[in-house]
Amino acid sequence: MNGPSLPDTPAPASWRIALPHTAAAVPVARALVRTALAELEHAADSDTAELLTAELVANAVEHTAGDGPIELVVELLPTGCQVEVHDPDPAPPGDLTVPDPACEPDPWQEHGRGLLLIRTLSSSCGHRPTGSGKAVWFRLPVVPQQRRPV
């Protein structure tokens, strides 16, 4: 062999799918995340990933104008997973990374806790501009083997 050998680390796997700009996108997104995480021996917590993905997709559907598709990107990393939802609205997603203490979610309302869940349950989260709007993302770490359900 000529030259140094590279470490035997698997390349990250990723999935990308266009979803309708309707509430029907939420269960499809959850199913994709569940399927993607089931492929890994050392995966992030699937229930948490599904919940946070549902929140991101529901927010994209509810808070962005138009009927163009949104896009779900799931990337499996050696350290966990990253999930992104791309939508056509360039406006940042409210208080995702810097919460406003004056705007605490009302515990009696159905809506208003999605970004709080994402901030609280993910290892990191954020948003970035894209050529056609923005991407909102979260990361989850790998769950240690002894903490996984059997």
# chains A, B, ... in the order shown; residues from 1 in each chain; ligands from 1

$ closest_atom_pairs --of "segment 121-140 of chain A" --to "segment 71-85 of chain A" --cutoff "7 Å" --atoms "only C-alpha atoms" --output "JSON lines"
{"residue": "A:Ala135", "atom": "CA", "partner": "A:Val85", "partner_atom": "CA", "distance": 5.4}
{"residue": "A:Val136", "atom": "CA", "partner": "A:Val85", "partner_atom": "CA", "distance": 5.4}
{"residue": "A:Trp137", "atom": "CA", "partner": "A:Glu84", "partner_atom": "CA", "distance": 4.2}
{"residue": "A:Phe138", "atom": "CA", "partner": "A:Val83", "partner_atom": "CA", "distance": 5.6}
{"residue": "A:Arg139", "atom": "CA", "partner": "A:Gln82", "partner_atom": "CA", "distance": 4.4}
{"residue": "A:Leu140", "atom": "CA", "partner": "A:Cys81", "partner_atom": "CA", "distance": 5.5}

$ write_last_selection --atoms "N, CA and C atoms" --output "PDB file, in the first residue's frame"
ATOM      1  N   ALA A 135     -33.018  26.596   7.648  1.00  0.00           N
ATOM      2  CA  ALA A 135     -33.004  25.238   8.189  1.00  0.00           C
ATOM      3  C   ALA A 135     -32.998  25.370   9.703  1.00  0.00           C
ATOM      4  N   VAL A 136     -33.875  24.649  10.361  1.00  0.00           N
ATOM      5  CA  VAL A 136     -33.924  24.597  11.824  1.00  0.00           C
ATOM      6  C   VAL A 136     -33.505  23.190  12.204  1.00  0.00           C
ATOM      7  N   TRP A 137     -32.611  23.057  13.191  1.00  0.00           N
ATOM      8  CA  TRP A 137     -32.019  21.749  13.473  1.00  0.00           C
ATOM      9  C   TRP A 137     -31.886  21.490  14.969  1.00  0.00           C
ATOM     10  N   PHE A 138     -31.720  20.207  15.271  1.00  0.00           N
ATOM     11  CA  PHE A 138     -31.350  19.787  16.622  1.00  0.00           C
ATOM     12  C   PHE A 138     -30.413  18.597  16.512  1.00  0.00           C
ATOM     13  N   ARG A 139     -29.657  18.370  17.574  1.00  0.00           N
ATOM     14  CA  ARG A 139     -28.775  17.203  17.675  1.00  0.00           C
ATOM     15  C   ARG A 139     -29.115  16.432  18.941  1.00  0.00           C
ATOM     16  N   LEU A 140     -28.983  15.121  18.832  1.00  0.00           N
ATOM     17  CA  LEU A 140     -29.135  14.232  19.983  1.00  0.00           C
ATOM     18  C   LEU A 140     -27.900  13.342  20.060  1.00  0.00           C
TER      19      LEU A 140
END

$ closest_residue --among "A:Val143, A:Ile118, A:Leu96, A:Ala18" --to "Leu32 of chain A" --atoms "only C-alpha atoms"
A:Ala18

$ atom_distance --atom1 "atom CA of Asn59 of chain A" --atom2 "atom CA of Val26 of chain A"
9.9 Å

$ closest_residue --among "A:Lys134, A:His63, A:Arg119, A:His127" --to "Asp87 of chain A" --atoms "only C-alpha atoms"
A:Lys134

$ atom_distance --atom1 "atom CA of Asp45 of chain A" --atom2 "atom CA of Ile17 of chain A"
21.1 Å

$ residues_around --residues "Ala58 of chain A" --least-positions-apart "6" --cutoff "9 Å" --atoms "only C-alpha atoms" --output "PyMOL selection string"
chain A and resi 22-23+25-26+114

$ closest_residue --among "A:Pro27, A:Gly133, A:Pro20, A:Pro141" --to "Val61 of chain A" --atoms "only C-alpha atoms"
A:Pro20

$ closest_residue --among "A:Thr120, A:Pro92, A:Val142, A:Gly66" --to "Ser46 of chain A" --atoms "only C-alpha atoms"
A:Val142

$ residues_around --residues "Thr64 of chain A" --least-positions-apart "6" --cutoff "10 Å" --atoms "only C-alpha atoms" --output "list of chain:residue names"
A:His21, A:Ile70, A:Asp87, A:Pro88, A:Asp89, A:Pro90, A:Ala91, A:Gly133

$ select_by_dssp --residues "segment 36-77 of chain A" --states "strand (DSSP E or B)" --output "list in words"
Ala44, Ile70, Glu71, Leu72, Val73, Val74, Glu75, Leu76 and Leu77 of chain A

$ write_last_selection --atoms "N, CA and C atoms" --output "PDB file, in the first residue's frame"
ATOM      1  N   ALA A  44     -29.174   7.380  18.793  1.00  0.00           N
ATOM      2  CA  ALA A  44     -29.785   8.345  19.700  1.00  0.00           C
ATOM      3  C   ALA A  44     -31.147   7.796  20.125  1.00  0.00           C
ATOM      4  N   ILE A  70     -41.705  21.278   2.330  1.00  0.00           N
ATOM      5  CA  ILE A  70     -40.633  21.468   3.293  1.00  0.00           C
ATOM      6  C   ILE A  70     -39.717  20.261   3.133  1.00  0.00           C
ATOM      7  N   GLU A  71     -38.539  20.325   3.695  1.00  0.00           N
ATOM      8  CA  GLU A  71     -37.600  19.231   3.509  1.00  0.00           C
ATOM      9  C   GLU A  71     -37.077  18.765   4.857  1.00  0.00           C
ATOM     10  N   LEU A  72     -37.028  17.457   5.035  1.00  0.00           N
ATOM     11  CA  LEU A  72     -36.490  16.836   6.244  1.00  0.00           C
ATOM     12  C   LEU A  72     -35.146  16.214   5.894  1.00  0.00           C
ATOM     13  N   VAL A  73     -34.132  16.502   6.708  1.00  0.00           N
ATOM     14  CA  VAL A  73     -32.807  15.926   6.527  1.00  0.00           C
ATOM     15  C   VAL A  73     -32.422  15.269   7.849  1.00  0.00           C
ATOM     16  N   VAL A  74     -32.112  13.973   7.795  1.00  0.00           N
ATOM     17  CA  VAL A  74     -31.684  13.216   8.976  1.00  0.00           C
ATOM     18  C   VAL A  74     -30.270  12.738   8.704  1.00  0.00           C
ATOM     19  N   GLU A  75     -29.355  13.096   9.591  1.00  0.00           N
ATOM     20  CA  GLU A  75     -27.970  12.674   9.436  1.00  0.00           C
ATOM     21  C   GLU A  75     -27.559  11.889  10.673  1.00  0.00           C
ATOM     22  N   LEU A  76     -27.102  10.674  10.437  1.00  0.00           N
ATOM     23  CA  LEU A  76     -26.634   9.822  11.527  1.00  0.00           C
ATOM     24  C   LEU A  76     -25.121   9.982  11.628  1.00  0.00           C
ATOM     25  N   LEU A  77     -24.661  10.342  12.797  1.00  0.00           N
ATOM     26  CA  LEU A  77     -23.258  10.637  13.045  1.00  0.00           C
ATOM     27  C   LEU A  77     -22.696   9.642  14.055  1.00  0.00           C
TER      28      LEU A  77
END

$ atom_distance --atom1 "atom CA of Cys125 of chain A" --atom2 "atom CA of Ala36 of chain A"
19.5 Å
